[in-house]
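Trainee: My questions will all concern the structure given below.
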Amino acid sequence: MDTTVYVPIPDEGTAARPTVTPAVRARALTKTYGRGEAQVRALDGVDVDFAAGRFTAIMGPSGSGKSTLMHLLAGLDSATSGQAFIGSTEVTGLNDKALTALRRTRVGFVFQQFNLLPMFSAEQNITLPVELAGGTVDKQWLGTLVDTLGLSKRLTHRPSELSGGQQQRVAIARALIAQPDVVFADEPTGNLDSRSGAEVLSFLRRSVRELGRTIIMVTHDPAAAAYADRVVLIADGKIAGDITDPTPESALAGLDALRTVASR
Amino acid sequence: MIRLTLSQMRRSAGRLAAAGLAIVIGTAFVAITLLAGNVITRTTYDSIAAQFTGADLVVRGIPADDAVLDAVRGADGVATADPQLMSYQQLEAGSRTIFQGVLAEPTDTSVLPLEVADGTLPEASGEIALPTDVAERLGAAPGDSVTLVRNVLEGDQESDEDAWTEVREQLTVSGTLTDPYGAYSMQGGAAVAPAADVAGWEDDLRAPGEEAVEPTTMLVTLDDAADVEAARTSITGALTNAAAAAGAGTTDLKVVTPEEHAESVANEMTGGDNVIFTTFVLVFAAVALLVAALVIANTFQVLVAQRTRTLALLRCVGADKGQLRRSVLFEAAVLGLLSSAAGLAAGVGLGQAALAIGRGMDLGVPLPATVTVTPAVVLIPLVVGTLVTLVAALSPARAATRVAPLEALRPADAPSAARGAGRVRLVLSLLVSVIGFALLGGGVAVSTVGEEPSMGLMVAVAGGVLSFVGVLVGAVFWLPRVVALAGRLVGMSGPTATLAAANTLRNPRRTAATSTALLIGVTLVGMMSTGAASARVTMDAELDGRYPVDVTVSTDLSSDPTAVAAGEGSVPAVPGTLADTVRDVAGVATVVESPATAAQVAGDGLDEGLALTVRAVDPEDAASVLRSTEMVTPLAAGTAVVPEELSEVWGITDGQALTLTGPDGTLEVTAAVTDLRDSGLLVMPDDLTALAADAPVTSLWVGLDDPSDAASVVPTIQDAVADTEAPADVMGAAVERAGFQQVIDTALGIVVGLLAAAVVIALIGVANTLSLSVIERRRESATLRAIGLSKGQLRGMLAVEGLLIAVVGAVLGVLLGLVYGWSGAAAALGWAGTPVIVVPWRDVLLMLLVAAVAGLVASVAPARTAVRTSPVEALASE
C-alpha cells in the first residue's frame, strides 16, 4: 500500500514539478482481433510512459485504439504481445486473481456511464471497493475526498437522487478511496452536459494537483483533453503525437492533424 | 408483427427455454397422470381378456343352472359350455395355511388361461392343481397331499348353534400351474379342481334345501366349423326360449365375444375408481401448473421490462397497444404450445420408461408393453399447458401496453418493474386472509370442542384454502419485507452478502413471485408431513391403548375356563424353551412370561358358576413390554384388573368385590375395570399362587424393538412358534398397528411425491429469476469486477441471493405448512382423542436443506454466466 503523505502541491505549472518515475508503462504493446484477411491491429507495438502525479489524456478519433490501450494498461483485457506495467508490476502477465487484487488496491476506474450501484447510497458506493477488499475505510481520507469533490451533503442519497455530475463525482471518489497508484477514466464527461463536464474535469485535475493522484483519461473531446497536463495522441493503433500543457486549441489542432493524416 | 415477435423470441430463446421448462414439467405431469389411468384400464382389460382367452363366446347375465346349461349346450355349433365358478378354500400343509381361490375345471381345458408347469390338471375327484407359488409355500409337489379345511352347513344357522361342521379332507396335488397372462393375478392366482368337487364345496356352504346361486358367466367353445355369429344367434334364441319357459326375464342376457366382454367389464370396474384416481392426481398436477404459471408470469414480466425500449420504439413508429399486447400473447402461445408438446413427449417417454421398469420388476400384475396414447392424453396436456402459459402472460401483456412511446427517447437504464401493487389488492388479500384464518380456527373448534368432526373439517378446509389464497395474493406486500429482514441478518456477514441482500430487494415483485412459487409447494408438503406426523402420534396414543402388547403368544385361548375350573382338562403350558426361542427372533426386544389358571368367579349379580382365566404378571415386567401402562396401573395385591370387554359381557363393575376360587385356594379381590384387552383377569403373581400353586406359563407378552417392523418380525415369530409345534396362537396386534402406520406413511409418500413436481418447478423458477437478474445486471457485474470484486465473491453474491429467495420461501412455507397441518389434524382427528401437535423435525429440516441446496445450485449456472462477464463491459458506452 502506498503510504505517501499527500501534500497539496501548489499550482506552479508542470515545468516546475520534478520529473518522476513512470506510474504506468507500455512496451511494444500489441492487440489484434480476428485472423488472416479479417485481422485488425487495434494496437500496434505501442511504447509509452505515463508519469506519476500527472493527469494525462489519451486522445484519438473513433477506432484509433485509445480505449484498447487503456484496457490493456489496466489489465482489463489481455494483450496479444508486448508488456504493460503499473509501477514495477507487469500487468500483462497476471492471472485473474492477481488482477482482482491489483484492481482493489492499485487501480481505480471512472466510467462514462457512472456505473453506480442503484440500491446503495452515495457513501456506500464510495466505500464499496474497500469493503470488497475486506479493509477498513480511512475516515480521514474519505473526508478529504468528500470535501474536495463537494459531496458532503449528498452522502446519504441514492444515485437516482443525484444529478449526472454528482453521480460522476461519487464515481471519482469511489475510484480514489483505496488511494490507487493510478485512476483510469474512460470518457468521464461523455454522458454529461458541458457545465457538469467542466466541473468533473476540474475535480479530476484537483485530485491530481491537490491530492497527488495519477489519472489517465481517454477522451475524444479536445476541450476535455485541455484539462490534462499532457495529451498522448493515438491513431491507427500507434502513438501519433504528444502535447505537453495542452490548450483546447492545441489539442484540437493535434486531432485535426491526425484526421488529415488518416484521410490521406 | 408476427415476424418481429418471432425474431424477438429467437433473441430471448435462452430465457424462454428456462421458463418453458416449468411448463414442460407441468404438462409432463398431466400426461403421465392420464397415461397411468390408461394403464390401469388396460391392465384390467388384459387380465379379464386373459381369463376368457380360450373361449369363443361368453354368456353372461343369466344364472347357469342345468336348464340354462343344457339350452346353451344344445345350441347350434356349441362344443362345450361351462359356468365360470371359483370357490375360496382353506388349504393346509404342515403348519402352513393358505386361502386360495379354486377354479372349477372346464370340460374343454383349453379355455383355461393357465399353463401346467409340472404334473397334470386334476383328472379325478380329490385332486387339485395348485399355482406354483402356492405349492411352494405349502411345500407340496405333485403327488403330495394337502388338507382342505372347509365348513359344511347342515342345519339352520339361525336356530342351530352347531349347524356348521368343520370338514378336513385330503386332496392330492396333481400338478402345478403358472398364470402367464396374469389372468388371475388380481385374485391372488387360481388353483384348479374338478368341476363337480368345486360345485360340491359351494353347495355345502348352503343350508339343505336352500336354492343354489349359480354363477352368471359361462364360457362357450364352438365346433371348429361353426360360425361365431350364427352360434351367438342360436344361443340367444335357445336361452330366450328356456327363460320364457321358466318364466324368467332375459334383460341382462348377453352373448358376447371375450373381447367385448373384457371391454365392458373393464369399463364397469374402472369407471368409478379410475375417475377418482385420475381426479386425485390431477389436483396435484394443477398445483404444479399453478406454480409453473407463476414462473412463466415472472419471466414474461422481466422480458417485457427488458424490451421496454424496443416496445417504446415500436409505439413511436406506429404500433398500437393492441398490437403490442397481441405480440406478447402470441409469444406466450408459441412458447406454451412448444413447451406443452415437449412436456407431452417427456411424459409419454417417462411413462413408457416406468412401464418398462415395472415390467422388469415382476410386480405380479402383467403390465401392458406400451402406454396407450389416446386423443385425450395428447390434447389435454397441450391445451392445458398452452392455456396456462397464455393466462400467465396476460398481466405482462398489459404491462407491455403501458409502455409510453416517450421511453424510447430516454437514456437506457436498468429496467425496473413497477414497484408494489394497488391498495385494493392489499385490502382484499388482508380481508380474505383474516376471514380464512378465522374459519380455519372456527373449524378446528367446531371439530374438537363442538365434536362435529365432518362439519368442522369442512369449515377448516374452506378456511385453509381461503386463507392460503389471501396469503398468496398478499405475498407481494409482506414477502419482500421478510426477505429484507433476512437480508439484513445475512448482510452482517460481509460486503458480498450485503450486495446480495440489496439485490433481492431491487425488484420486490419479482422476488415475491419467485419465493411464492416455492412457498406454495413447500407449504403443501409441510402441511402433509405435519398433518401425517400429528395424525400418526394421535393414532399412536390411540393404538397404544388398543394394542398395548405388540405380540402375544398364548396357549390358553382355545381352552375353556369353565371346564378347567371344574377340573376337566387343563390349560396347556407354553413349552419352557419357547420364551427363549421367541427372544432370539431378531427384532424382539422383551419377552414377559405370564402364568395363568382358570378360576371360578363369584360376586353380587354374577352368573352362577362363572369361570374365567386368571393371569398374573409382575407390574414391573408388564411396564417393560406394554406400550401404554395405564390399563395395568391399578394392579396391586388384592386387586384384579378386569378388561372392559369382560366386565361388559359378565356384568362385573369397577370396585366390585369378587371371590376367586382356583384349584389350590380362594382369593378375595376388588375388581378394577380398565380398557385392557385380554381374555382373562389380571392379578399379582403372589395372588395367583394362592389360587394355583404351580400355575403354568400360558402366555408370552412380546415387545418389539420397533413396532413398525411388525410386518416382518411377527411372521418370523409365527414361524418360530410353528416350528416348535407348540399349540400356541400368535396374535400380532403390532401387525395391525404397523398396518395403520403404513397406510399413513404410504399416503404421505405418494402425496409428497406428487407435490415434489411443484417444488421442482419452483426451484427452476429461482434459477430462472437469478439468470434474468444476471443478464439485467451485466454492466453492474462488470463494474463490480472492475472495482475489485473477485470471481469468487461474484459467485458468492449470487449464491446468497439464491439462498435468500429459496430459504425465505421455504421457511415461510414450512411455518404455514405447520399451521395448516396442525389445524387439519386437529379438525380431522379431534374424535380420536386430543390431537397431539407435532413438529416433524426431520421433514422440516430436510425441506429447508433441499431449499437451501437448491437455492445454491440454482445460482451455479447464472454465476457462470456472470463471471464470464469481462470488466471491460463496464466501460462499453452501450
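The way I read the labels, and the way they are meant: chains A, B, ... in the order of the C-alpha cells, residue 1 as the first residue of every chain, and ligand 1 as the first ligand shown, with later ones counted on from there.
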Can you pull out the residues contacting B:Asp227? Cut-off 12 Å, using only C-alpha atoms, and skip same-chain residues under 4 positions away; I want them as a list in words.
Mentor: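 My reading of the contact set: Asp56, Leu57, Asp76, Gly77, Val78, Thr221, Leu222, Asp223, Ala231, Arg232, Thr233 and Ser234 of chain B.
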Trainee: Which chain A residues are at most 8 Å from chain B (counting only C-alpha atoms), as a short mmCIF file (atom, residue, chain, number, x, y, z; two decimals) with N, CA and C atoms, in the first residue's frame?
Mentor:
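Everything below was put into part_24.cif:
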data_model
loop_
_atom_site.label_atom_id
_atom_site.label_comp_id
_atom_site.auth_asym_id
_atom_site.auth_seq_id
_atom_site.Cartn_x
_atom_site.Cartn_y
_atom_site.Cartn_z
N HIS A 71 -7.59 -0.38 -21.83
CA HIS A 71 -7.97 -1.69 -21.30
C HIS A 71 -6.76 -2.54 -20.99
N LEU A 76 -7.61 -5.01 -17.99
CA LEU A 76 -8.99 -5.45 -18.21
C LEU A 76 -9.08 -6.40 -19.39
N ASP A 77 -8.09 -6.34 -20.26
CA ASP A 77 -8.10 -7.17 -21.46
C ASP A 77 -6.69 -7.72 -21.62
N LYS A 97 -6.87 -13.67 -10.48
CA LYS A 97 -6.85 -13.43 -9.04
C LYS A 97 -5.94 -12.23 -8.73
N THR A 100 -7.51 -9.06 -9.88
CA THR A 100 -8.53 -8.58 -8.96
C THR A 100 -7.88 -7.84 -7.79
N ALA A 101 -6.81 -8.43 -7.27
CA ALA A 101 -6.09 -7.81 -6.16
C ALA A 101 -5.53 -6.46 -6.59
N LEU A 102 -5.01 -6.41 -7.84
CA LEU A 102 -4.45 -5.17 -8.38
C LEU A 102 -5.53 -4.09 -8.45
N ARG A 103 -6.72 -4.51 -8.95
CA ARG A 103 -7.80 -3.55 -9.10
C ARG A 103 -8.29 -3.03 -7.75
N ARG A 104 -8.19 -3.89 -6.75
CA ARG A 104 -8.68 -3.48 -5.43
C ARG A 104 -7.82 -2.38 -4.84
N GLY A 108 -7.93 2.49 -10.04
CA GLY A 108 -9.31 2.92 -9.88
C GLY A 108 -9.89 3.22 -11.25
N PHE A 109 -11.23 3.12 -11.35
CA PHE A 109 -11.87 3.37 -12.65
C PHE A 109 -12.97 4.41 -12.53
N PHE A 111 -16.12 5.59 -15.08
CA PHE A 111 -16.77 5.15 -16.32
C PHE A 111 -17.61 6.25 -16.94
N GLN A 112 -17.82 6.12 -18.23
CA GLN A 112 -18.67 7.10 -18.93
C GLN A 112 -20.09 7.06 -18.36
N GLN A 113 -20.58 5.79 -18.07
CA GLN A 113 -21.97 5.62 -17.60
C GLN A 113 -22.10 5.72 -16.08
N ASN A 115 -21.95 4.06 -13.64
CA ASN A 115 -21.98 2.70 -13.09
C ASN A 115 -21.99 2.66 -11.57
N LEU A 116 -22.86 3.47 -10.98
CA LEU A 116 -23.04 3.36 -9.53
C LEU A 116 -24.08 2.29 -9.27
N LEU A 117 -24.00 1.66 -8.10
CA LEU A 117 -24.99 0.64 -7.76
C LEU A 117 -26.25 1.34 -7.25
N MET A 119 -28.86 0.49 -5.67
CA MET A 119 -29.51 0.20 -4.39
C MET A 119 -28.70 0.72 -3.20
N PHE A 120 -27.51 1.28 -3.47
CA PHE A 120 -26.68 1.77 -2.37
C PHE A 120 -26.64 3.29 -2.36
N LEU A 128 -17.44 1.01 -1.20
CA LEU A 128 -17.58 -0.40 -1.61
C LEU A 128 -16.25 -1.09 -1.94
N PRO A 129 -15.34 -0.45 -2.74
CA PRO A 129 -14.11 -1.16 -3.09
C PRO A 129 -13.32 -1.61 -1.85
N GLU A 131 -14.51 -2.19 1.11
CA GLU A 131 -15.23 -3.27 1.79
C GLU A 131 -15.09 -4.58 1.05
N LEU A 132 -15.10 -4.53 -0.27
CA LEU A 132 -14.93 -5.76 -1.05
C LEU A 132 -13.57 -6.36 -0.76
N ALA A 133 -12.57 -5.49 -0.56
CA ALA A 133 -11.22 -5.97 -0.30
C ALA A 133 -11.07 -6.40 1.16
N ALA A 175 -13.33 5.77 -7.11
CA ALA A 175 -12.09 5.35 -7.75
C ALA A 175 -10.88 5.70 -6.89
N ASP A 186 -12.60 6.68 -18.44
CA ASP A 186 -12.97 6.42 -19.84
C ASP A 186 -14.09 7.36 -20.24
#
Trainee: Quick one: residues within 12 Å of B:Glu259, only C-alpha atoms, excluding same-chain residues fewer than 5 positions away - as a list in words?
Mentor: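 My list of contacting residues is Tyr45, Asp46, Ser47, Ile48, Ala49, Ala50, Gln51, Phe52, Thr53, Gly54, Ala55, Asp56, Leu57, Val58, Ser264, Val265 and Ala266 of chain B.
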Trainee: Please produce a file of the residues just selected, as a CSV table (one decimal), in the first residue's frame, where the atoms kept are C-alpha atoms.
Mentor:
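Generated output (selection24.csv):
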chain,number,residue,atom,x,y,z
B,45,TYR,CA,-58.8,-55.3,-19.6
B,46,ASP,CA,-55.8,-57.6,-20.3
B,47,SER,CA,-56.4,-59.5,-17.1
B,48,ILE,CA,-60.1,-60.1,-17.9
B,49,ALA,CA,-59.4,-60.8,-21.5
B,50,ALA,CA,-56.9,-63.4,-20.5
B,51,GLN,CA,-59.4,-65.2,-18.3
B,52,PHE,CA,-61.5,-65.8,-21.4
B,53,THR,CA,-58.8,-66.2,-23.8
B,54,GLY,CA,-59.6,-69.7,-24.8
B,55,ALA,CA,-63.4,-69.2,-25.1
B,56,ASP,CA,-65.2,-68.4,-28.3
B,57,LEU,CA,-68.2,-66.8,-26.7
B,58,VAL,CA,-69.1,-65.6,-23.2
B,264,SER,CA,-67.5,-54.0,-20.8
B,265,VAL,CA,-66.1,-55.4,-17.5
B,266,ALA,CA,-63.1,-53.2,-17.6
Trainee: Write down as a VMD selection string the residues of stretch 5-91 of chain A whose backbone DSSP state falls under strand (DSSP E or B).
Mentor: chain A and resid 22 to 33 40 to 51 55 to 59 81 to 86 89 to 90
Trainee: Excluding A:Gln83 and residues on its chain fewer than 5 positions from it, collect all residues at most 6 Å away from it, counting only C-alpha atoms, and give them as an NGL selection string.
Mentor: :A and (26-27 or 29 or 92)
Trainee: When DSSP is applied to the backbone of this structure, which of stretch 526-746 of chain B are assigned alpha helix (DSSP H)? Write them out as number ranges by chain.
Mentor: B: 526-546, 561-565, 578-583, 619-625, 644-650, 685-691, 710-724, 733-746
Trainee: Of the candidates B:Asp65, B:Thr504, B:Arg677, B:Leu153, which shows the shortest atom-to-atom distance to B:Gly491, using only C-alpha atoms?
Mentor: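 Selected residue with least distance to B:Gly491: B:Thr504.
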Trainee: Quick one: of B:Gln170, B:Ala230, B:Asp133, B:Gly817, who's nearest to B:Arg150, counting only C-alpha atoms?
Mentor: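 Checking each candidate against B:Arg150, we get B:Gln170 as the closest.
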Trainee: Tell me which protein, DNA and RNA residues are within 8 Å of stretch 181-185 of chain A, counting only C-alpha atoms, leaving out same-chain ones fewer than 5 positions away, and put them as a PyMOL selection string.
Mentor: chain A and resi 2+23-24+52+70+74+86-87+106-112+175-176+213-218
Trainee: Generate a file of the selected residues that holds C-alpha atoms, formatted as a CSV table (one decimal), in the first residue's frame.
Mentor:
chain,number,residue,atom,x,y,z
A,2,ASP,CA,1.2,3.5,-0.8
A,23,ALA,CA,3.4,5.2,-12.9
A,24,VAL,CA,2.3,3.2,-16.0
A,52,ALA,CA,3.1,9.5,-11.7
A,70,MET,CA,-6.4,1.8,-21.7
A,74,ALA,CA,-5.5,-1.5,-16.7
A,86,ILE,CA,1.8,-0.5,-13.4
A,87,GLY,CA,4.7,0.7,-11.3
A,106,ARG,CA,-3.7,0.0,-7.1
A,107,VAL,CA,-6.1,0.9,-9.9
A,108,GLY,CA,-9.3,2.9,-9.9
A,109,PHE,CA,-11.9,3.4,-12.6
A,110,VAL,CA,-14.2,6.1,-13.7
A,111,PHE,CA,-16.8,5.1,-16.3
A,112,GLN,CA,-18.7,7.1,-18.9
A,175,ALA,CA,-12.1,5.4,-7.8
A,176,LEU,CA,-9.8,7.2,-5.3
A,213,ARG,CA,-3.1,11.2,-7.7
A,214,THR,CA,-2.2,9.9,-11.1
A,215,ILE,CA,-5.0,9.9,-13.7
A,216,ILE,CA,-5.1,8.6,-17.3
A,217,MET,CA,-8.2,9.7,-19.2
A,218,VAL,CA,-9.4,8.5,-22.5
Trainee: For B:Val134, find every residue with an atom within 12 Å (counting only C-alpha atoms), except residues of its own chain fewer than 6 positions away, and show them as number ranges by chain.
Mentor: B: 90-93, 96-102, 128, 140-141, 146, 173, 175-178, 188-191
Trainee: Rounded to one decimal, what separation in Å do you get between atom CA of B:Leu324 and atom CA of B:Val388?
Mentor: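 Separation of atom CA of B:Leu324 and atom CA of B:Val388: 19.9 Å.
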Trainee: Can you pull out the residues contacting B:Ile775? Cut-off 12 Å, using only C-alpha atoms, and skip same-chain residues under 5 positions away; I want them as a compact mmCIF listing (two decimals) with C-alpha atoms, in the first residue's frame.
Mentor:
# COMPACT_ATOMS: atom_id res chain seq x y z
CA SER B 12 -34.62 -14.33 -25.88
CA GLY B 14 -32.46 -18.93 -23.58
CA ARG B 15 -34.71 -17.08 -21.20
CA VAL B 302 -38.95 -9.45 -16.99
CA LEU B 303 -38.91 -9.89 -20.75
CA GLN B 306 -36.13 -5.63 -20.73
CA ALA B 414 -31.55 -0.80 -15.96
CA PRO B 415 -35.18 -1.75 -16.47
CA ASN B 768 -34.68 -18.52 -13.88
CA THR B 769 -35.09 -15.39 -11.79
CA LEU B 770 -31.40 -15.38 -10.95
CA GLU B 780 -23.16 -3.84 -12.93
CA SER B 781 -21.35 -7.14 -12.54
CA ALA B 782 -18.61 -5.82 -14.81
CA ALA B 861 -25.41 -21.55 -13.92
CA PRO B 862 -26.23 -17.83 -13.61
CA ALA B 863 -22.97 -17.33 -11.71
CA ARG B 864 -21.05 -18.97 -14.51
CA THR B 865 -22.56 -16.52 -16.97
CA ALA B 866 -21.85 -13.66 -14.61
CA VAL B 867 -18.16 -14.42 -14.02
CA ARG B 868 -17.66 -14.71 -17.76
CA THR B 869 -18.60 -11.04 -17.99
Trainee: Could you work out how far atom CA of B:Val471 lies from atom CA of B:Ser429, giving the answer in Å with one decimal?
Mentor: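 That distance, rounded to one decimal, is 6.7 Å.
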Trainee: Between atom CA of B:Val256 and atom CA of B:Asp82, what distance in Å does the model show, to one decimal?
Mentor: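 Answer for the atom CA of B:Val256 to atom CA of B:Asp82 separation: 14.9 Å.
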